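Enquirer: Before I ask anything, let me first share the structure, which is written out below as structure tokens.
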Amino acid sequence: MAAASGFRTVEPVEYYRRFLKENCRPDGRDLGEFRTTTINIGSITTADGSALVKLGNTTVVCGIKAEFAAPLADSSNKGYIVPNVDLPPLCSSRFRPGPPGEEAQAASQFVADVIENSQVVMKEDLCIVDGKIAWVLYCDIICLDYDGNLLDACMCAFLAALRNVQLPAVTINEETGLAEVNLKEKIPLTIRKEPVATSFILFDTVMIVDPTAEEEDLATGMLTIVTDEEGKLCSVHKPGGSALTGAKLQDCISRATARYKEVKKLIDKVIKSVKPT
Amino acid sequence: MRKRYGEARGWIGAMETEQKKCDSGDLPSLRRIVCEQGLLSRPDGSASWMQGDTSVLAGVYGPSEVKVSKEIYDKATLEVMLRPKVGLPGVYERSREQMIKKTCEAVVLGTLHPRSSITIVLQVITDAGSLLASCLNAACMGLMDAGLPMGSLFCGVTCALDADGNFTLDPTAKQEKEAQTVLTFAIDSIEKKVLMSSMKGTCSVEQLQQCVAASQRAADTIFQFYRDSACRKYSKW
């Protein structure tokens with residue numbers, strides 16, 4: 001045992017390769033197996049919608065806060081969604097305090113791109129009065145424990161939190177022209193699409209699903225595929241790394257479609273379990 | 001390397017006219033490509049890449065000394081800076097930088113220069129569509145000019161799909177805006193595999209595969225251009 005852990009420290013890549021040769025991973029999973037995913041929704045009572053997602057050790061919490069804002073002049077009938085991914089020093093020693101680092105910014109941009117691509121929520125649905133007032137949804141995604149596969153966890157937390165959002169009814173007072181919020185009457189948000197992300201790492205030519213932080217460091221490339229319920233691709237995000245053939249890409253897409261069903265079922269179950277209360 | 005400045009400058013002028021002759025204006029699918037290498041004197045390698053009206057300037061420094069905090073003991077530290085035409089780089093530029101950086105890392109043989117830094121600076125001059133692809137091409141030309149060892153070359157190809165499923169290679173800004181989906185790939189020169197992929201909009205799996213195949217074909221044209229321009233450059237000396 002001591003020899004094995006020494007081997008792991010000295011030659012991590014070789015150590016990992018030995019496992020791959022046997023088609024398994026150091027944590028005992030298959031190459032195509034996800035870690036246990038758990039979702040908890042509505043855990044932040046002060047937010048309009050929230051969710052906590054655990055993917056193995058990776059823990060991500062998403063809180064959605066709805067505020068009023070004036071719509072932009074060129075799209076007067078649209079509200080907006082502002083996603084932000086935060087990687088505080090708490091979640092891993094690789095992150096330092098201070099302004100968001102490269103990885104946090106890239107993750108924020110990824111979530112924003114997926115929202116834009118998939119049209120999760122029609123921005124017109126967020127409009128209250130044309131040209132006057134609209135909802136802006138601030139989606140803060142905070143990582144509490146970083147153990148790889150951040151993007152999948154972020155997307156899952158974001159989607160679950162979005163489905164948990166309850167917006168208060170708003171009426172416009174005719175006399176004063178001000179918006180009045182009726183906190184007793186809450187309406188859930190209309191979700192048009194449900195994008196689910198599936199990440200892979202490339203280890204030379206082998207594709208491995210749901211990497212841990214350790215695996216990500218050893219990997220030669222990453223790939224994230226986002227699919228929706230119609231099996232359409234909302235994002236094929238591959239930021240460099242080892243090259244991939246069209247056929248391999250196809251395999252990944254098939255795995256992502258299968259994963260979509262798992263996540264969808266899980267979120268539906270969680271939403272249903274919360275509804276009665 | 002660059003001792004004979006006077007001579008080099010004269011050569012740049014010659015290059016420019018020569019290059020214009022060997023651009024790919026007669027090819028149907030891509031816009032006209034013009035490239036000039038070694039136009040800046042300070043960087044170790046530089047390239048100006050024009051693809052239609054989109055123009056990107058790349059400067060490559062390295063291998064040079066690296067900050068201790070960024071030092072990697074067994075390979076070179078690669079950095080990419082993407083400067084927008086106006087204003088300061090924001091979150092969008094950061095995410096593109098990361099993509100370009102990881103693409104370059106996959107092809108540059110960094111292990112040959114451990115504990116050193118390679119910096120690629122990309123300055124957007126005009127954006128008339130297919131910007132990310134142009135940045136990738138400029139970066140590759142810059143790396144070639146700097147003479148850094150690479151396992152293969154790479155090129156960027158953008159593909160736009162309209163609502164009817166027709167695709168356009170190397171779209172202009174207007175075509176990009178009207179398109180339902182815009183896909184950008186980085187293709188390597190050896191096996192024409194996909195190094196990087198980025199997407200705007202949604203598409204079906206079949207459409208994605210079609211675009212990959214089309215981009216791989218377009219990549220041949222770009223690699224031929226790389227080859228022609230390198231041949232021309234080195235036959236001069």
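Every chain in the structure tokens has a letter given in the order shown (A, B, ...), and although residue numbers restart at 1 in each chain, ligands are simply numbered from 1 in the order shown.
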If DSSP is run on the backbone, what residues of segment 56-207 of chain A are strand (DSSP E)? A reply as a PyMOL selection string would be ideal.

Expert: chain A and resi 58-69+80-86+127-129+133-145+166-172+179-188+196-203+206-207

Enquirer: Assign secondary structure with DSSP using the backbone only, and return the residues of segment 37-153 of chain B in helix (DSSP H, G or I) as a ChimeraX atom specification.

Expert: /B:68-70,91-107,110-112,131-146

Enquirer: Output C-alpha atoms of each residue in that selection to a file, as an mmCIF file, in the first residue's frame.

Expert:
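Generated file (selection.cif):
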```cif
data_model
loop_
_atom_site.group_PDB
_atom_site.id
_atom_site.type_symbol
_atom_site.label_atom_id
_atom_site.label_comp_id
_atom_site.auth_asym_id
_atom_site.auth_seq_id
_atom_site.Cartn_x
_atom_site.Cartn_y
_atom_site.Cartn_z
ATOM 1 C CA VAL B 68 8.947 32.318 -10.638
ATOM 2 C CA SER B 69 5.276 32.070 -9.660
ATOM 3 C CA LYS B 70 4.349 30.871 -13.133
ATOM 4 C CA VAL B 91 -14.494 38.166 -19.489
ATOM 5 C CA TYR B 92 -15.204 37.309 -23.128
ATOM 6 C CA GLU B 93 -11.594 37.902 -24.144
ATOM 7 C CA ARG B 94 -10.385 35.876 -21.164
ATOM 8 C CA SER B 95 -12.395 32.860 -22.212
ATOM 9 C CA ARG B 96 -11.122 33.125 -25.810
ATOM 10 C CA GLU B 97 -7.567 33.519 -24.502
ATOM 11 C CA GLN B 98 -7.969 30.315 -22.558
ATOM 12 C CA MET B 99 -9.161 28.462 -25.654
ATOM 13 C CA ILE B 100 -6.308 29.736 -27.823
ATOM 14 C CA LYS B 101 -3.809 29.025 -25.076
ATOM 15 C CA LYS B 102 -4.900 25.430 -24.627
ATOM 16 C CA THR B 103 -4.901 24.912 -28.398
ATOM 17 C CA CYS B 104 -1.331 26.197 -28.661
ATOM 18 C CA GLU B 105 -0.273 24.128 -25.649
ATOM 19 C CA ALA B 106 -1.463 21.012 -27.432
ATOM 20 C CA VAL B 107 0.827 21.574 -30.431
ATOM 21 C CA GLY B 110 6.810 22.925 -24.468
ATOM 22 C CA THR B 111 8.838 20.152 -22.896
ATOM 23 C CA LEU B 112 11.807 21.248 -25.006
ATOM 24 C CA LEU B 131 -12.571 36.467 -35.404
ATOM 25 C CA LEU B 132 -11.654 33.483 -33.247
ATOM 26 C CA ALA B 133 -10.559 31.527 -36.327
ATOM 27 C CA SER B 134 -8.426 34.456 -37.488
ATOM 28 C CA CYS B 135 -6.841 34.740 -34.055
ATOM 29 C CA LEU B 136 -5.930 31.054 -34.152
ATOM 30 C CA ASN B 137 -4.432 31.397 -37.626
ATOM 31 C CA ALA B 138 -2.476 34.501 -36.647
ATOM 32 C CA ALA B 139 -1.168 32.725 -33.536
ATOM 33 C CA CYS B 140 -0.015 29.744 -35.601
ATOM 34 C CA MET B 141 1.712 31.955 -38.165
ATOM 35 C CA GLY B 142 3.357 33.890 -35.326
ATOM 36 C CA LEU B 143 4.597 30.685 -33.689
ATOM 37 C CA MET B 144 5.963 29.533 -37.037
ATOM 38 C CA ASP B 145 7.768 32.828 -37.520
ATOM 39 C CA ALA B 146 9.242 32.615 -34.023
#
```

Enquirer: Pick out the closest residue to Ile128 of chain A from this set: A:Val181, A:Cys234, A:Ile141, A:Ile41. Count only C-alpha atoms.

Expert: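 Using only C-alpha atoms, Ile128 of chain A sits closest to A:Val181.
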
Enquirer: Kindly provide the residues of chain A that approach chain B to within 7 Å, each paired with its closest atom pair and their distance in Å to one decimal, based on only C-alpha atoms, listed by chain and increasing number, as JSON lines.

Expert:
```
{"residue": "A:Glu102", "atom": "CA", "partner": "B:Arg94", "partner_atom": "CA", "distance": 6.6}
{"residue": "A:Gln105", "atom": "CA", "partner": "B:Val91", "partner_atom": "CA", "distance": 5.7}
{"residue": "A:Ala106", "atom": "CA", "partner": "B:Ser95", "partner_atom": "CA", "distance": 4.6}
{"residue": "A:Gln109", "atom": "CA", "partner": "B:Tyr92", "partner_atom": "CA", "distance": 6.4}
{"residue": "A:Asn117", "atom": "CA", "partner": "B:Gly201", "partner_atom": "CA", "distance": 4.2}
{"residue": "A:Ser118", "atom": "CA", "partner": "B:Thr202", "partner_atom": "CA", "distance": 6.5}
{"residue": "A:Lys232", "atom": "CA", "partner": "B:Ser204", "partner_atom": "CA", "distance": 4.8}
{"residue": "A:Leu233", "atom": "CA", "partner": "B:Cys203", "partner_atom": "CA", "distance": 5.4}
{"residue": "A:Cys234", "atom": "CA", "partner": "B:Thr202", "partner_atom": "CA", "distance": 4.7}
{"residue": "A:Ser235", "atom": "CA", "partner": "B:Met199", "partner_atom": "CA", "distance": 5.6}
{"residue": "A:Val236", "atom": "CA", "partner": "B:Ser198", "partner_atom": "CA", "distance": 6.0}
{"residue": "A:His237", "atom": "CA", "partner": "B:Ser198", "partner_atom": "CA", "distance": 5.1}
{"residue": "A:Lys238", "atom": "CA", "partner": "B:Ser197", "partner_atom": "CA", "distance": 4.8}
{"residue": "A:Pro239", "atom": "CA", "partner": "B:Met99", "partner_atom": "CA", "distance": 4.3}
{"residue": "A:Gly240", "atom": "CA", "partner": "B:Thr103", "partner_atom": "CA", "distance": 3.8}
{"residue": "A:Gly241", "atom": "CA", "partner": "B:Ala106", "partner_atom": "CA", "distance": 5.0}
{"residue": "A:Ser242", "atom": "CA", "partner": "B:Ala106", "partner_atom": "CA", "distance": 6.0}
{"residue": "A:Ala243", "atom": "CA", "partner": "B:Leu195", "partner_atom": "CA", "distance": 4.4}
{"residue": "A:Leu244", "atom": "CA", "partner": "B:Val194", "partner_atom": "CA", "distance": 5.0}
{"residue": "A:Thr245", "atom": "CA", "partner": "B:Lys193", "partner_atom": "CA", "distance": 5.1}
{"residue": "A:Gly246", "atom": "CA", "partner": "B:Gln209", "partner_atom": "CA", "distance": 6.7}
```

Enquirer: Excluding Thr126 of chain B and residues on its chain fewer than 6 positions from it, collect all residues at most 8 Å away from it, counting only C-alpha atoms, and give them as a ChimeraX atom specification.

Expert: /B:53-56,85

Enquirer: Could you please take those selected residues and save C-alpha atoms as a PDB file, in the first residue's frame?

Expert:
```
ATOM      1  CA  ASP B  53     -11.750  42.189 -43.848  1.00  0.00           C
ATOM      2  CA  THR B  54     -10.942  40.593 -40.513  1.00  0.00           C
ATOM      3  CA  SER B  55      -7.413  41.392 -39.480  1.00  0.00           C
ATOM      4  CA  VAL B  56      -5.384  40.220 -36.488  1.00  0.00           C
ATOM      5  CA  LYS B  85      -9.922  46.665 -30.927  1.00  0.00           C
TER       6      LYS B  85
END
```
